[in-house]
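Enquirer: Input structure: coords-v3.cif, which contains mmCIF, C-alpha atoms.
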data_target
loop_
_atom_site.label_atom_id
_atom_site.label_comp_id
_atom_site.auth_asym_id
_atom_site.auth_seq_id
_atom_site.Cartn_x
_atom_site.Cartn_y
_atom_site.Cartn_z
CA MET A 1 -12.21 -12.76 33.23
CA ASN A 2 -8.91 -11.50 34.58
CA SER A 3 -9.08 -10.53 38.26
CA ASP A 4 -5.85 -8.54 38.24
CA SER A 5 -6.39 -4.84 38.80
CA ASP A 6 -4.63 -2.29 36.66
CA LEU A 7 -2.54 -1.33 39.69
CA GLN A 8 -1.36 -4.92 40.13
CA ILE A 9 -0.40 -5.08 36.46
CA ALA A 10 1.31 -1.69 36.25
CA GLY A 11 2.74 -1.51 39.76
CA ASP A 12 2.77 1.71 41.73
CA LEU A 13 2.03 4.45 39.18
CA LEU A 14 3.74 7.04 41.38
CA GLU A 15 6.98 5.12 40.87
CA VAL A 16 6.63 5.32 37.08
CA THR A 17 7.53 8.99 36.78
CA HIS A 18 7.41 9.06 32.99
CA LEU A 19 3.63 8.37 33.18
CA LEU A 20 2.90 11.34 35.44
CA GLN A 21 1.83 14.58 33.85
CA THR A 22 3.80 17.60 34.92
CA PRO A 23 1.62 19.94 36.96
CA ARG A 24 0.46 23.02 35.06
CA GLU A 25 1.28 26.45 36.37
CA HIS A 26 -2.36 27.48 35.81
CA PRO A 27 -5.52 25.34 35.66
CA ALA A 28 -7.08 24.60 32.28
CA THR A 29 -9.71 21.91 32.93
CA VAL A 30 -12.79 21.77 35.15
CA ALA A 31 -11.01 19.27 37.42
CA GLU A 32 -8.01 21.57 37.73
CA PHE A 33 -10.22 24.56 38.62
CA VAL A 34 -11.99 22.44 41.25
CA GLY A 35 -8.55 21.43 42.55
CA LEU A 36 -7.45 25.07 42.67
CA ALA A 37 -10.53 25.98 44.71
CA ARG A 38 -9.97 23.04 47.07
CA SER A 39 -6.32 23.91 47.62
CA ILE A 40 -7.17 27.53 48.45
CA ALA A 41 -10.01 26.40 50.74
CA GLU A 42 -7.70 24.06 52.63
CA ASP A 43 -5.05 26.75 53.20
CA ARG A 44 -6.88 29.23 55.43
CA SER A 45 -3.74 31.41 55.60
CA GLN A 46 -4.44 32.43 51.97
CA TRP A 47 -7.84 33.95 52.70
CA GLU A 48 -8.97 34.03 56.33
CA HIS A 49 -7.17 37.28 57.26
CA LEU A 50 -8.79 39.07 54.30
CA VAL A 51 -12.45 38.36 55.17
CA ARG A 52 -14.61 41.32 56.14
CA TYR A 53 -18.31 41.40 56.95
CA ASP A 54 -20.51 44.26 55.74
CA ALA A 55 -24.08 44.54 57.00
CA THR A 56 -25.12 46.75 54.06
CA SER A 57 -23.91 44.63 51.12
CA ARG A 58 -22.06 41.44 50.31
CA TRP A 59 -18.33 41.96 50.72
CA TYR A 60 -16.02 40.64 48.02
CA HIS A 61 -12.31 40.64 47.25
CA ARG A 62 -10.46 39.41 44.15
CA LEU A 63 -8.02 36.94 45.62
CA ARG A 64 -6.13 35.84 42.52
CA THR A 65 -6.01 36.07 38.75
CA GLY A 66 -4.40 33.88 36.15
CA PRO A 67 -4.52 33.56 32.39
CA GLY A 68 -8.23 33.89 31.68
CA TYR A 69 -9.51 33.20 35.21
CA GLU A 70 -10.27 34.98 38.47
CA VAL A 71 -10.67 33.82 42.06
CA TRP A 72 -13.02 35.82 44.32
CA LEU A 73 -13.59 35.67 48.07
CA LEU A 74 -17.07 36.67 49.30
CA SER A 75 -18.64 37.05 52.73
CA TRP A 76 -22.36 36.82 53.49
CA VAL A 77 -24.01 37.99 56.70
CA PRO A 78 -27.37 36.42 57.55
CA GLY A 79 -30.05 37.50 55.06
CA GLN A 80 -27.69 38.58 52.26
CA GLY A 81 -28.14 37.07 48.83
CA SER A 82 -27.03 37.37 45.24
CA GLY A 83 -30.39 37.66 43.55
CA LEU A 84 -31.28 35.34 40.69
CA HIS A 85 -28.47 35.58 38.11
CA ASP A 86 -26.17 33.81 35.68
CA HIS A 87 -22.50 34.43 34.92
CA GLY A 88 -22.64 35.36 31.26
CA ARG A 89 -20.08 33.41 29.27
CA SER A 90 -18.13 32.33 32.36
CA SER A 91 -18.03 28.87 33.89
CA GLY A 92 -17.34 28.61 37.58
CA VAL A 93 -16.68 26.75 40.78
CA LEU A 94 -18.38 27.87 44.00
CA THR A 95 -16.85 26.56 47.24
CA VAL A 96 -18.28 27.27 50.68
CA LEU A 97 -15.42 27.99 53.08
CA ASP A 98 -17.32 28.77 56.29
CA GLY A 99 -20.97 28.67 57.31
CA THR A 100 -23.91 27.53 55.19
CA LEU A 101 -25.33 29.04 52.01
CA THR A 102 -28.56 28.13 50.22
CA GLU A 103 -28.54 27.75 46.44
CA ARG A 104 -31.85 28.00 44.58
CA THR A 105 -32.24 26.93 40.95
CA GLU A 106 -35.12 25.84 38.75
CA ARG A 107 -34.29 22.27 39.84
CA GLY A 108 -34.64 22.98 43.56
CA THR A 109 -32.98 24.22 46.70
CA ARG A 110 -29.72 22.97 48.22
CA ALA A 111 -27.99 23.73 51.50
CA LEU A 112 -24.27 24.17 50.86
CA ARG A 113 -22.21 23.70 54.01
CA ALA A 114 -18.50 24.37 54.50
CA GLY A 115 -16.57 22.21 52.03
CA ALA A 116 -19.43 21.94 49.52
CA GLN A 117 -18.61 22.75 45.89
CA ARG A 118 -20.82 23.52 42.89
CA VAL A 119 -19.53 23.59 39.32
CA PHE A 120 -21.52 25.47 36.69
CA ALA A 121 -21.38 26.24 32.98
CA PRO A 122 -22.21 29.47 31.15
CA GLY A 123 -25.91 30.30 31.39
CA TYR A 124 -26.43 28.49 34.72
CA VAL A 125 -29.10 30.48 36.58
CA HIS A 126 -29.13 30.41 40.36
CA GLU A 127 -29.54 32.46 43.51
CA VAL A 128 -27.27 32.13 46.52
CA VAL A 129 -28.50 33.30 49.93
CA ASN A 130 -27.31 33.12 53.51
CA ASP A 131 -30.48 31.80 55.18
CA ALA A 132 -28.54 30.76 58.29
CA LEU A 133 -28.06 32.66 61.54
CA GLU A 134 -24.25 32.81 61.20
CA PRO A 135 -22.06 34.56 58.59
CA ALA A 136 -20.73 32.54 55.66
CA VAL A 137 -17.67 32.80 53.42
CA SER A 138 -17.37 31.45 49.88
CA LEU A 139 -14.75 31.18 47.16
CA HIS A 140 -15.65 31.63 43.46
CA VAL A 141 -13.45 30.70 40.51
CA TYR A 142 -14.58 32.03 37.11
CA TYR A 143 -13.21 31.04 33.70
CA PRO A 144 -13.03 33.18 31.71
CA GLY A 145 -12.94 35.99 34.25
CA LEU A 146 -16.36 37.34 35.19
CA THR A 147 -17.36 40.23 32.91
CA GLU A 148 -21.14 40.15 33.39
CA MET A 149 -23.72 38.86 35.83
CA PRO A 150 -27.16 39.22 34.20
CA MET A 151 -29.99 39.31 36.72
CA HIS A 152 -33.17 37.27 36.18
CA THR A 153 -36.74 37.52 37.38
CA ALA A 154 -38.49 34.86 39.44
CA GLN A 155 -40.68 33.98 36.43
CA HIS A 156 -37.55 32.87 34.53
CA CYS A 157 -36.49 30.41 37.18
CA GLU A 158 -38.99 29.45 39.84
CA ALA A 159 -37.10 27.71 42.66
CA ARG A 160 -38.84 24.86 44.43
CA ASP A 161 -37.78 22.49 47.18
CA VAL A 162 -36.29 19.13 46.28
CA PRO A 163 -37.66 16.25 48.39
CA GLY A 164 -35.09 14.90 50.83
CA VAL A 165 -32.80 17.94 50.68
CA VAL A 166 -32.32 19.74 53.98
CA THR A 167 -32.17 23.47 53.33
CA ALA A 168 -31.43 24.92 56.77
#
Kindly present the structure from the file in structure tokens form.
Expert:
Amino acid sequence: MNSDSDLQIAGDLLEVTHLLQTPREHPATVAEFVGLARSIAEDRSQWEHLVRYDATSRWYHRLRTGPGYEVWLLSWVPGQGSGLHDHGRSSGVLTVLDGTLTERTERGTRALRAGAQRVFAPGYVHEVVNDALEPAVSLHVYYPGLTEMPMHTAQHCEARDVPGVVTA
């Protein structure tokens, strides 16, 4: 068996410019949408000054659009939640920017702290809630852009705790 790694054989791939793909102007793959969300999350100057907190309802702001996708910024004061829903025909990336959110699905409950990301396909049913004592902020990328958010009843998706997952 050859012990040489691909890097040792090929050399530094960053020096072989003809092998690098040119960056796309707009994301087109799941990995690129995750990367878009991460880059926005890391650059607080793109979103921090826009955040508002509303005690009566979740606050949201469309941050960006591109061909077939939308990026939304949401804030959550303690106790606010989305209700059990899916995203119609849209796929998405949820990124927690500040605070902690709780995601409940039929598979269990997860605490999502700042930096956590969830990727979901069309038909993914979940509920997101701020169960913490501090406000939270999240970023949502939808492809195609969000046109519906069907609500579900608890009988459709009974959330239960997953052993070993801390939810607070």
Enquirer: Pick out the residues sitting within 10 Å of region 119-135 of chain A, and hand them over as a ChimeraX atom specification; count all atoms listed in the file, and ignore anything fewer than 3 positions along from it in its own chain.
Expert: /A:30-31,33-34,53,75-95,98-112,140-144,149-152,156-159,167-168
Enquirer: Restricting the calculation to only C-alpha atoms, which member of A:Leu36, A:Ala41, A:Leu50, A:Leu139 is positioned closest to Gly66 (chain A)?
Expert: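 Checking each candidate against Gly66 (chain A), we get A:Leu36 as the closest.
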Enquirer: Give the answer as one residue: which of A:Thr147, A:Ser138, A:Ile40, A:Glu48 has the shortest atom-to-atom distance to Leu73 (chain A), using all atoms listed in the file?
Expert: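 Of A:Thr147, A:Ser138, A:Ile40, A:Glu48, the one nearest Leu73 (chain A), counting all atoms listed in the file, is A:Ser138.
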Enquirer: In Å to one decimal, how far is CA of Thr29 (chain A) from CA of Arg58 (chain A)?
Expert: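 Taking CA of Arg58 (chain A) as the start and CA of Thr29 (chain A) as the end point, the length is 28.9 Å.
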Enquirer: To one decimal in Å, tell me the separation between CA of Gly35 (chain A) and CA of Ser57 (chain A).
Expert: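 About the pair CA of Gly35 (chain A) and CA of Ser57 (chain A): they are 29.1 Å apart.
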Enquirer: Point out the residue among A:Glu70, A:Arg64, A:Ala114, A:Leu97 with the least atom-to-atom distance to Gly145 (chain A), counting only C-alpha atoms.
Expert: A:Glu70
Enquirer: One decimal, in Å: what's the spacing between CA of Gly115 (chain A) and CA of Val96 (chain A)?
Expert: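 Interatomic distance here is 5.5 Å.
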Enquirer: Excluding Arg52 (chain A) and its own-chain neighbours fewer than 4 positions away, which residues fall within 9 Å of it when counting only C-alpha atoms? Please give them as a PyMOL selection string.
Expert: chain A and resi 59-60+74-75
